[in-house]
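Listing of structure-v3.csv; format and content: CSV, C-alpha atoms and all ligand atoms.
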chain,number,residue,atom,x,y,z
A,87,MET,CA,158.0,141.9,41.7
A,88,LYS,CA,155.0,140.4,43.5
A,89,LYS,CA,152.0,139.5,41.3
A,90,TRP,CA,149.1,141.9,41.7
A,91,ILE,CA,145.7,140.3,41.6
A,92,PRO,CA,143.1,143.0,41.1
A,93,TYR,CA,139.5,142.8,42.5
A,94,GLY,CA,138.1,142.7,39.0
A,95,ARG,CA,139.2,143.1,35.4
A,96,GLN,CA,138.1,142.8,31.8
A,97,THR,CA,138.5,139.8,29.6
A,98,ILE,CA,139.5,140.8,26.0
A,99,ASN,CA,140.3,138.3,23.3
A,100,ASP,CA,141.4,138.4,19.6
A,101,ALA,CA,137.9,138.3,18.4
A,102,ASP,CA,137.0,141.4,20.4
A,103,ILE,CA,140.0,143.2,18.9
A,104,ALA,CA,139.1,142.2,15.4
A,105,ALA,CA,135.6,143.4,15.9
A,106,VAL,CA,136.8,146.8,16.9
A,107,ILE,CA,139.2,147.0,14.0
A,108,ASP,CA,136.4,146.2,11.6
A,109,VAL,CA,134.4,149.2,12.8
A,110,LEU,CA,137.5,151.4,12.4
A,111,HIS,CA,137.6,150.4,8.7
A,112,SER,CA,133.8,151.0,8.3
A,113,ASN,CA,131.7,154.1,7.5
A,114,PHE,CA,130.4,154.6,11.1
A,115,LEU,CA,132.4,155.2,14.2
A,116,THR,CA,129.3,156.2,16.1
A,117,THR,CA,125.5,155.6,15.9
A,118,GLY,CA,125.8,153.1,13.1
A,119,PRO,CA,124.7,149.5,12.7
A,120,LYS,CA,126.7,148.2,15.7
A,121,VAL,CA,124.8,150.3,18.3
A,122,ALA,CA,121.5,148.9,17.1
A,123,GLU,CA,122.9,145.4,17.0
A,124,PHE,CA,124.3,145.7,20.5
A,125,GLU,CA,120.9,147.0,21.8
A,126,GLU,CA,119.1,144.1,20.2
A,127,ARG,CA,121.6,141.6,21.5
A,128,VAL,CA,121.3,142.7,25.1
A,129,ALA,CA,117.5,143.2,25.1
A,130,GLU,CA,117.1,139.7,23.5
A,131,TYR,CA,119.4,138.2,26.1
A,132,CYS,CA,117.3,139.7,28.9
A,133,GLY,CA,114.0,138.8,27.3
A,134,VAL,CA,112.8,142.4,26.9
A,135,ALA,CA,111.7,144.4,23.9
A,136,HIS,CA,114.0,147.4,24.0
A,137,GLY,CA,117.6,148.4,24.8
A,138,VAL,CA,119.0,151.9,24.7
A,139,ALA,CA,122.8,152.0,24.6
A,140,VAL,CA,124.4,154.9,26.3
A,141,SER,CA,127.8,156.2,27.3
A,142,SER,CA,127.9,154.8,30.9
A,143,GLY,CA,125.9,153.1,33.5
A,144,THR,CA,125.5,156.5,35.2
A,145,ALA,CA,124.1,157.9,32.0
A,146,ALA,CA,121.7,155.0,31.8
A,147,LEU,CA,120.5,155.7,35.4
A,148,HIS,CA,120.0,159.4,34.4
A,149,CYS,CA,118.0,158.3,31.3
A,150,ALA,CA,115.8,156.1,33.5
A,151,MET,CA,115.1,158.9,36.0
A,152,HIS,CA,114.3,161.2,33.1
A,153,ALA,CA,112.0,158.6,31.5
A,154,LEU,CA,110.1,158.4,34.8
A,155,GLY,CA,109.7,162.1,34.8
A,156,ILE,CA,111.5,162.5,38.2
A,157,GLY,CA,111.8,166.2,39.2
A,158,PRO,CA,111.8,168.6,42.1
A,159,GLY,CA,109.5,167.4,44.9
A,160,ASP,CA,109.8,163.8,43.9
A,161,GLU,CA,111.3,161.2,46.2
A,162,VAL,CA,113.1,158.0,45.0
A,163,ILE,CA,113.9,155.3,47.4
A,164,VAL,CA,117.5,153.9,46.9
A,165,PRO,CA,119.6,151.5,49.0
A,166,SER,CA,122.4,153.0,51.2
A,167,ILE,CA,124.9,150.3,50.1
A,168,THR,CA,125.5,151.1,46.5
A,169,PHE,CA,127.8,153.2,44.2
A,170,ALA,CA,127.0,156.9,44.5
A,171,ALA,CA,125.8,157.0,40.9
A,172,THR,CA,122.5,155.3,41.9
A,173,SER,CA,121.4,158.2,44.1
A,174,ASN,CA,123.3,160.9,42.1
A,175,SER,CA,121.0,160.2,39.2
A,176,VAL,CA,118.0,161.2,41.2
A,177,LEU,CA,119.7,164.5,42.2
A,178,TYR,CA,120.6,165.2,38.5
A,179,GLN,CA,116.8,165.4,37.9
A,180,GLY,CA,116.2,167.6,40.9
A,181,GLY,CA,114.6,164.8,42.8
A,182,THR,CA,115.4,163.6,46.4
A,183,PRO,CA,117.0,160.2,47.0
A,184,VAL,CA,115.7,158.6,50.2
A,185,PHE,CA,118.0,155.9,51.6
A,186,ALA,CA,116.6,152.6,52.6
A,187,ASP,CA,118.4,150.1,54.8
A,188,VAL,CA,119.7,146.8,53.5
A,189,ASP,CA,119.1,143.2,54.5
A,190,PRO,CA,122.1,142.3,56.8
A,191,GLU,CA,122.5,138.8,55.2
A,192,THR,CA,122.5,139.9,51.5
A,193,LEU,CA,123.1,143.7,51.6
A,194,LEU,CA,120.2,144.0,49.2
A,195,ILE,CA,117.7,146.8,49.7
A,196,SER,CA,115.3,145.7,52.5
A,197,PRO,CA,111.6,145.6,51.4
A,198,ASP,CA,110.6,146.3,55.0
A,199,SER,CA,112.8,149.4,55.1
A,200,VAL,CA,111.5,150.5,51.7
A,201,ALA,CA,107.9,150.2,52.9
A,202,ALA,CA,108.7,152.3,55.9
A,203,LYS,CA,110.2,155.1,53.8
A,204,VAL,CA,107.3,155.5,51.4
A,205,THR,CA,105.7,159.0,51.7
A,206,PRO,CA,103.1,160.8,49.5
A,207,ALA,CA,106.1,162.2,47.5
A,208,THR,CA,107.6,158.8,46.6
A,209,ARG,CA,107.6,158.1,42.9
A,210,ALA,CA,109.9,155.2,42.4
A,211,ILE,CA,112.1,152.5,44.0
A,212,VAL,CA,115.6,151.7,42.7
A,213,GLY,CA,116.8,148.3,43.7
A,214,VAL,CA,120.5,147.5,43.3
A,215,ASP,CA,121.3,143.9,42.4
A,216,TYR,CA,124.2,144.1,44.8
A,217,ALA,CA,127.3,142.0,44.0
A,218,GLY,CA,125.2,140.3,41.3
A,219,GLN,CA,122.4,138.9,43.4
A,220,PRO,CA,118.9,140.0,42.3
A,221,CYS,CA,116.8,142.0,44.8
A,222,GLU,CA,113.7,140.6,46.3
A,223,TRP,CA,111.7,141.9,43.3
A,224,ALA,CA,108.4,140.3,44.1
A,225,GLU,CA,108.3,142.0,47.5
A,226,LEU,CA,109.4,145.3,45.9
A,227,ARG,CA,106.7,145.0,43.2
A,228,THR,CA,104.0,144.5,45.9
A,229,ILE,CA,105.0,147.7,47.6
A,230,ALA,CA,105.3,149.5,44.3
A,231,ASN,CA,101.8,148.4,43.2
A,232,LYS,CA,100.3,149.3,46.6
A,233,HIS,CA,101.6,152.9,46.3
A,234,LYS,CA,101.6,153.2,42.5
A,235,LEU,CA,105.3,153.5,42.2
A,236,SER,CA,107.7,152.6,39.4
A,237,ILE,CA,110.6,150.3,40.0
A,238,VAL,CA,114.0,150.5,38.4
A,239,ALA,CA,116.8,147.9,38.7
A,240,ASP,CA,120.3,149.2,39.0
A,241,ALA,CA,121.5,145.9,37.5
A,242,CYS,CA,125.1,147.1,36.9
A,243,HIS,CA,126.4,144.1,38.8
A,244,ALA,CA,123.9,141.5,37.6
A,245,ILE,CA,123.6,140.9,33.8
A,246,GLY,CA,123.0,137.2,33.5
A,247,ALA,CA,121.6,136.7,37.0
A,248,THR,CA,118.1,135.2,37.3
A,249,TYR,CA,115.3,135.5,39.9
A,250,MET,CA,112.6,132.9,40.0
A,251,GLY,CA,113.7,131.7,36.6
A,252,GLN,CA,113.6,135.1,35.0
A,253,ARG,CA,116.6,137.0,33.8
A,254,VAL,CA,117.6,140.3,35.3
A,255,GLY,CA,116.6,143.0,32.9
A,256,ALA,CA,113.0,141.8,32.8
A,257,LEU,CA,112.3,142.2,36.5
A,258,ALA,CA,111.7,145.9,36.9
A,259,ASP,CA,110.0,148.6,34.8
A,260,MET,CA,113.5,149.6,33.5
A,261,SER,CA,116.8,148.0,34.2
A,262,VAL,CA,120.2,149.6,33.9
A,263,PHE,CA,123.6,148.0,33.0
A,264,SER,CA,127.1,149.3,33.1
A,265,PHE,CA,129.9,148.2,30.7
A,266,HIS,CA,132.8,149.6,32.7
A,267,PRO,CA,135.9,147.2,32.6
A,268,VAL,CA,135.3,145.7,36.0
A,269,LYS,CA,131.7,144.7,35.0
A,270,HIS,CA,130.7,141.6,33.0
A,271,ILE,CA,130.7,143.3,29.6
A,272,ALA,CA,133.5,145.8,29.1
A,273,THR,CA,133.2,148.5,26.4
A,274,GLY,CA,135.6,150.9,28.1
A,275,GLU,CA,132.8,153.1,29.2
A,276,GLY,CA,129.2,152.2,28.4
A,277,GLY,CA,125.8,151.4,29.7
A,278,MET,CA,122.3,150.4,28.6
A,279,VAL,CA,118.7,150.9,29.7
A,280,VAL,CA,116.5,147.9,28.9
A,281,THR,CA,112.7,147.9,29.2
A,282,ASP,CA,109.5,146.4,27.8
A,283,ASN,CA,107.8,149.7,28.0
A,284,PRO,CA,107.8,151.6,24.6
A,285,THR,CA,107.3,155.0,26.3
A,286,PHE,CA,110.3,154.6,28.6
A,287,ASP,CA,112.3,153.4,25.6
A,288,GLU,CA,111.4,156.4,23.5
A,289,LYS,CA,112.1,158.9,26.4
A,290,ALA,CA,115.5,157.3,27.2
A,291,ARG,CA,116.4,157.2,23.5
A,292,ALA,CA,115.6,160.9,23.0
A,293,PHE,CA,117.4,161.9,26.2
A,294,ARG,CA,120.7,160.3,25.1
A,295,GLY,CA,120.7,162.4,22.0
A,296,HIS,CA,120.0,166.0,23.1
A,297,GLY,CA,116.2,165.4,23.4
A,298,ILE,CA,116.0,165.0,19.6
A,299,THR,CA,113.4,162.4,18.4
A,300,SER,CA,115.2,160.5,15.6
A,301,ASP,CA,118.8,159.6,14.9
A,302,PHE,CA,120.8,160.4,11.8
A,303,SER,CA,120.5,157.0,10.1
A,304,GLY,CA,116.7,157.1,10.5
A,305,ARG,CA,116.4,160.5,8.9
A,306,GLU,CA,118.6,159.5,6.0
A,307,ALA,CA,116.7,156.4,5.4
A,308,SER,CA,113.4,158.2,5.3
A,309,GLY,CA,114.9,161.1,3.3
A,310,GLU,CA,113.8,163.7,5.8
A,311,TRP,CA,116.1,166.6,6.7
A,312,SER,CA,114.2,168.0,9.5
A,313,TYR,CA,114.3,167.0,13.2
A,314,GLU,CA,112.8,168.2,16.3
A,315,MET,CA,114.3,168.8,19.7
A,316,VAL,CA,111.3,168.1,22.0
A,317,GLU,CA,113.1,167.9,25.4
A,318,LEU,CA,116.3,169.0,27.0
A,319,GLY,CA,118.7,166.0,26.6
A,320,PHE,CA,122.4,165.2,26.7
A,321,ASN,CA,125.0,163.6,24.4
A,322,TYR,CA,125.0,160.2,26.1
A,323,ARG,CA,125.6,158.2,23.0
A,324,LEU,CA,127.6,155.0,22.8
A,325,THR,CA,129.9,154.6,19.8
A,326,ASP,CA,129.9,151.8,17.2
A,327,ILE,CA,133.5,151.1,18.2
A,328,GLN,CA,132.3,150.4,21.8
A,329,SER,CA,129.2,148.5,20.7
A,330,ALA,CA,131.3,146.1,18.5
A,331,LEU,CA,133.4,145.3,21.6
A,332,GLY,CA,130.2,144.7,23.6
A,333,ILE,CA,128.6,142.5,20.9
A,334,SER,CA,131.8,140.4,20.7
A,335,GLN,CA,131.8,139.9,24.4
A,336,MET,CA,128.2,139.0,24.7
A,337,ALA,CA,129.1,135.7,23.0
A,338,ARG,CA,131.2,134.8,26.0
A,339,LEU,CA,128.9,136.1,28.7
A,340,ASP,CA,127.4,132.8,29.8
A,341,ASN,CA,130.9,131.1,29.8
A,342,ASN,CA,132.3,133.9,31.9
A,343,LEU,CA,129.3,133.7,34.3
A,344,ALA,CA,129.9,130.0,34.7
A,345,ARG,CA,133.6,130.7,35.6
A,346,ARG,CA,132.5,133.4,38.1
A,347,ARG,CA,130.1,130.9,39.7
A,348,ALA,CA,132.8,128.2,39.9
A,349,ILE,CA,135.1,130.7,41.6
A,350,ALA,CA,132.4,131.5,44.1
A,351,VAL,CA,131.9,127.8,44.8
A,352,ALA,CA,135.6,127.4,45.5
A,353,TYR,CA,135.7,130.4,47.8
A,354,ALA,CA,132.6,129.2,49.7
A,355,ALA,CA,134.0,125.8,50.3
A,356,ALA,CA,137.3,127.2,51.5
A,357,PHE,CA,135.8,129.6,54.0
A,358,GLU,CA,133.3,127.1,55.5
A,359,GLY,CA,133.7,127.0,59.2
A,360,THR,CA,136.2,129.9,59.3
A,361,PRO,CA,135.7,133.5,60.6
A,362,ILE,CA,135.3,134.6,56.9
A,363,HIS,CA,131.6,134.8,56.2
A,364,PRO,CA,130.4,135.1,52.6
A,365,LEU,CA,127.1,137.0,52.1
A,366,THR,CA,124.0,134.8,51.9
A,367,VAL,CA,122.8,133.7,48.5
A,368,ARG,CA,119.0,133.1,48.3
A,369,ASP,CA,117.9,129.9,46.6
A,370,ASP,CA,115.3,131.7,44.4
A,371,CYS,CA,118.0,133.2,42.3
A,372,GLU,CA,121.2,132.6,40.3
A,373,HIS,CA,123.9,135.0,41.2
A,374,ALA,CA,126.0,136.8,38.6
A,375,TYR,CA,129.0,137.4,40.9
A,376,HIS,CA,130.3,140.8,39.8
A,377,LEU,CA,131.7,140.9,43.3
A,378,TYR,CA,132.5,138.3,45.9
A,379,VAL,CA,131.8,140.0,49.2
A,380,VAL,CA,132.7,138.5,52.6
A,381,ARG,CA,132.3,139.8,56.2
A,382,VAL,CA,135.5,139.5,58.2
A,383,PRO,CA,136.5,140.5,61.7
A,384,ASP,CA,139.0,143.4,61.9
A,385,ARG,CA,138.3,144.3,58.3
A,386,ASP,CA,140.8,147.2,58.2
A,387,ARG,CA,143.7,145.0,59.3
A,388,CYS,CA,142.6,142.3,56.9
A,389,PHE,CA,142.4,144.8,54.1
A,390,ALA,CA,145.9,146.1,54.7
A,391,MET,CA,147.4,142.7,55.0
A,392,LEU,CA,145.9,141.5,51.8
A,393,ARG,CA,146.8,144.6,49.8
A,394,ASP,CA,150.3,144.1,51.2
A,395,ALA,CA,150.3,140.6,49.8
A,396,GLY,CA,149.4,141.8,46.3
A,397,ILE,CA,145.7,141.1,46.5
A,398,GLY,CA,143.6,144.0,45.3
A,399,VAL,CA,140.7,143.6,47.8
A,400,ASN,CA,138.3,146.5,47.9
A,401,VAL,CA,135.3,147.7,50.0
A,402,HIS,CA,131.9,148.0,48.2
A,403,TYR,CA,130.7,150.4,49.4
A,404,ILE,CA,130.9,153.3,51.8
A,405,PRO,CA,127.2,153.8,52.6
A,406,VAL,CA,126.2,156.7,50.3
A,407,HIS,CA,124.5,158.6,53.1
A,408,TYR,CA,128.0,158.9,54.8
A,409,HIS,CA,129.5,160.9,51.9
A,410,PRO,CA,130.2,164.6,52.8
A,411,TYR,CA,128.1,165.8,49.8
A,412,TYR,CA,125.0,164.0,51.0
A,413,ARG,CA,125.5,165.0,54.6
A,414,LYS,CA,125.7,168.6,53.5
A,415,ARG,CA,122.9,168.5,50.9
A,416,LEU,CA,120.4,166.2,52.5
A,417,GLY,CA,121.5,166.2,56.2
A,418,THR,CA,122.2,162.5,56.1
A,419,GLY,CA,124.5,160.7,58.5
A,420,LYS,CA,125.2,157.9,60.9
A,421,GLY,CA,122.1,156.2,62.4
A,422,MET,CA,119.9,156.4,59.3
A,423,CYS,CA,120.6,152.8,58.0
A,424,PRO,CA,122.0,150.7,60.9
A,425,ALA,CA,122.3,147.4,59.0
A,426,ALA,CA,124.2,149.1,56.2
A,427,GLU,CA,126.4,150.9,58.7
A,428,ASP,CA,127.2,147.8,60.6
A,429,ALA,CA,127.9,145.8,57.4
A,430,TYR,CA,130.2,148.5,56.2
A,431,THR,CA,132.7,147.9,59.0
A,432,GLU,CA,133.1,144.3,58.1
A,433,ILE,CA,132.8,143.9,54.3
A,434,LEU,CA,135.6,143.1,52.0
A,435,SER,CA,135.4,142.3,48.2
A,436,LEU,CA,137.8,139.5,47.2
A,437,PRO,CA,139.1,139.3,43.6
A,438,MET,CA,136.4,138.0,41.2
A,439,TYR,CA,136.9,137.9,37.4
A,440,PRO,CA,136.8,135.1,34.8
A,441,ASP,CA,140.5,135.0,33.9
A,442,MET,CA,141.5,134.3,37.5
A,443,THR,CA,143.5,131.0,37.6
A,444,ASP,CA,143.0,128.2,40.2
A,445,THR,CA,146.4,129.2,41.6
A,446,ASP,CA,145.2,132.7,42.1
A,447,ILE,CA,142.2,131.4,44.0
A,448,GLU,CA,144.5,129.2,46.2
A,449,THR,CA,146.7,132.3,46.9
A,450,ILE,CA,143.8,134.5,47.8
A,451,VAL,CA,142.2,131.8,50.0
A,452,SER,CA,145.4,131.1,52.0
A,453,ARG,CA,146.3,134.8,52.4
A,454,THR,CA,142.7,135.7,53.5
A,455,LEU,CA,142.8,132.8,56.1
A,456,GLN,CA,146.1,134.1,57.3
A,457,ALA,CA,144.8,137.6,57.6
A,458,VAL,CA,142.0,136.7,59.9
A,459,GLU,CA,144.2,134.5,62.2
A,460,ARG,CA,145.0,136.1,65.5
B,501,LIG,C1,129.3,150.6,38.0
B,501,LIG,C2,128.0,151.0,38.6
B,501,LIG,C3,127.3,152.2,38.2
B,501,LIG,C4,127.8,153.2,37.3
B,501,LIG,O1,128.3,152.7,36.1
B,501,LIG,P1,129.3,153.5,35.2
B,501,LIG,O2,129.3,152.8,33.9
B,501,LIG,O3,130.7,153.4,35.9
B,501,LIG,O4,128.8,154.9,35.1
B,501,LIG,C5,126.1,152.4,38.8
B,501,LIG,N1,125.6,151.7,39.8
B,501,LIG,C6,126.3,150.6,40.3
B,501,LIG,C7,125.7,149.7,41.3
B,501,LIG,C8,127.5,150.2,39.7
B,501,LIG,O5,128.2,149.2,40.1
Encoding of this model in structure tokens:
Amino acid sequence: MKKWIPYGRQTINDADIAAVIDVLHSNFLTTGPKVAEFEERVAEYCGVAHGVAVSSGTAALHCAMHALGIGPGDEVIVPSITFAATSNSVLYQGGTPVFADVDPETLLISPDSVAAKVTPATRAIVGVDYAGQPCEWAELRTIANKHKLSIVADACHAIGATYMGQRVGALADMSVFSFHPVKHIATGEGGMVVTDNPTFDEKARAFRGHGITSDFSGREASGEWSYEMVELGFNYRLTDIQSALGISQMARLDNNLARRRAIAVAYAAAFEGTPIHPLTVRDDCEHAYHLYVVRVPDRDRCFAMLRDAGIGVNVHYIPVHYHPYYRKRLGTGKGMCPAAEDAYTEILSLPMYPDMTDTDIETIVSRTLQAVER
């Protein structure tokens, strides 16, 4: 059988497995010491004060929208090229996502488009650090300050990336990570909100646990039996089992990022002067390479040929404003975000994950070059 090279996959070692087994032998399967340790570990890595671990990146986005107090009548500007969860989180709160176009070179939310979409109802901007490259946060911050808006980073692709020397996680008012198996840290399902703002931390923390203000271990430690439900929240908790897996993987994050960057260098060198055009990487940042996205002529044919050759290429993403649900609910459609729509016809995500071998890279490169030959 032909070897299948997926577009992304987790990296699990014996230490990760041992960490999970330890938790299974312990007193806490959920909301024990490992959750707090994982939160501290990620917040510290990002250089921020607080982390709130939750059950998915989507839950983290929902917590962030709740913490901002987004509700009916509020508009939140989001990019059109992203995973649907980014804008869905605005809808969960009854708010209205407004799609901004992307920069055609990077596919990051375009500050000019954002500025053009601000209305008196706008409350926040969500930037997506697409593929692992940080947004133009300084420009977004200028727009946010001018109109008194909050900014949220959907950094699900970008833990470990830096922008002007600062780590992702510390660049927006709140930043959101996903720990889905294709992302840098894999806890099965999982996510986190990180922030320097104690109010956002408190609100997100209550929201993940039914809107109740303190967790079980806190109550036991202080000897109190009473608790108060102050808001309507959800059960968005991450377990200790998952947190132990996350903590164990955090130790390898920088090594894995280095490998991803080395793979990107190899791809870029191989595609130089060919019809395969990698997205532009700005020199004010260090990319985290969750994805390696190229623009290719005749993308659909290229996609089919590569899939046929056992290479699990993918397309990230169908512009969100194209989805039937959005068309129906918000009346979105073709023509709203021309750069995103144009890019969508050409983009292809090549495999990118730390355990790829150099032989895998050679196979992918030669097959991709073959696929664009006429
Ligand atoms: C993965 C991802 C999410 C959602 O994360 P889940 O953990 O799968 O819920 C949200 N936004 C972006 C950009 C993502 O890539």
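Omitting Ala146 (chain A) and its sequence neighbours fewer than 4 positions away, and counting only C-alpha atoms, the residues within 9 Å are Val138, Ala139, Val140, Ser141, Ser142, Ala150, Met151, Ser261, Val262, Phe263, Ser264, Gly276, Gly277, Met278, Val279, Ala290, Arg294 and Tyr322 of chain A.
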- Message: 7 Å from ligand LIG 501 (chain B) is the threshold here; counting all atoms listed in the file, which polymer residues fall inside it? Answer as a PyMOL selection string.
- Response: chain A and resi 142-145+168-169+171-172+214+216+240-243+264-266+275-277
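Distance-wise, CA of Ser334 (chain A) and CA of Phe114 (chain A) end up 17.2 Å apart.
Considering the residues A:Leu226, A:Ala135, A:Cys371, A:Ala186 and counting all atoms listed in the file, Gly421 (chain A) has its shortest atom-to-atom contact with A:Ala186.
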- Task: Find the residues around Thr117 (chain A) up to 12 Å (only C-alpha atoms counted), leave out those fewer than 5 positions away in its own chain, and share them as a PyMOL selection string.
- Result: chain A and resi 109+122-125+138-141+291+294-295+300-304+321-330
Keeping C-alpha atoms for every residue in the selection just given, could you write it to a file as a CSV table (one decimal), keeping the file's coordinate frame?
chain,number,residue,atom,x,y,z
A,109,VAL,CA,134.4,149.2,12.8
A,122,ALA,CA,121.5,148.9,17.1
A,123,GLU,CA,122.9,145.4,17.0
A,124,PHE,CA,124.3,145.7,20.5
A,125,GLU,CA,120.9,147.0,21.8
A,138,VAL,CA,119.0,151.9,24.7
A,139,ALA,CA,122.8,152.0,24.6
A,140,VAL,CA,124.4,154.9,26.3
A,141,SER,CA,127.8,156.2,27.3
A,291,ARG,CA,116.4,157.2,23.5
A,294,ARG,CA,120.7,160.3,25.1
A,295,GLY,CA,120.7,162.4,22.0
A,300,SER,CA,115.2,160.5,15.6
A,301,ASP,CA,118.8,159.6,14.9
A,302,PHE,CA,120.8,160.4,11.8
A,303,SER,CA,120.5,157.0,10.1
A,304,GLY,CA,116.7,157.1,10.5
A,321,ASN,CA,125.0,163.6,24.4
A,322,TYR,CA,125.0,160.2,26.1
A,323,ARG,CA,125.6,158.2,23.0
A,324,LEU,CA,127.6,155.0,22.8
A,325,THR,CA,129.9,154.6,19.8
A,326,ASP,CA,129.9,151.8,17.2
A,327,ILE,CA,133.5,151.1,18.2
A,328,GLN,CA,132.3,150.4,21.8
A,329,SER,CA,129.2,148.5,20.7
A,330,ALA,CA,131.3,146.1,18.5
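Candidate residues A:Met250, A:Val399, A:Val382, A:Ile163 were compared for distance to Ala202 (chain A), and the nearest is A:Ile163, using only C-alpha atoms.
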- Identify, on the basis of all atoms listed in the file, every residue whose closest approach to Glu191 (chain A) does not exceed 12 Å; exclude the query and any residue fewer than 6 positions from it along the same chain; express the result as number ranges by chain. A: 216, 219, 363-368, 379-381, 425-426, 428-429, 433
- Point (143.3, 147.7, 56.4), cut-off 12 Å, counting all atoms listed in the file, residues as a PyMOL selection string: chain A and resi 382-395+398-401+431-434+457-458
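The shortest atom-to-atom distance to Asn231 (chain A), with all atoms listed in the file taken into account, belongs to A:Ala201 out of A:Leu318, A:Ala201, A:Ala356, A:Val106.
Nearest residue to Val204 (chain A) among A:Asp160, A:Asp287, A:Asp446, A:Asp100 is A:Asp160, counting only C-alpha atoms.
Distances from A:Val162, A:Gly155, A:Pro405, A:Asp187 to Phe286 (chain A) were compared using only C-alpha atoms, and the smallest one belongs to A:Gly155.
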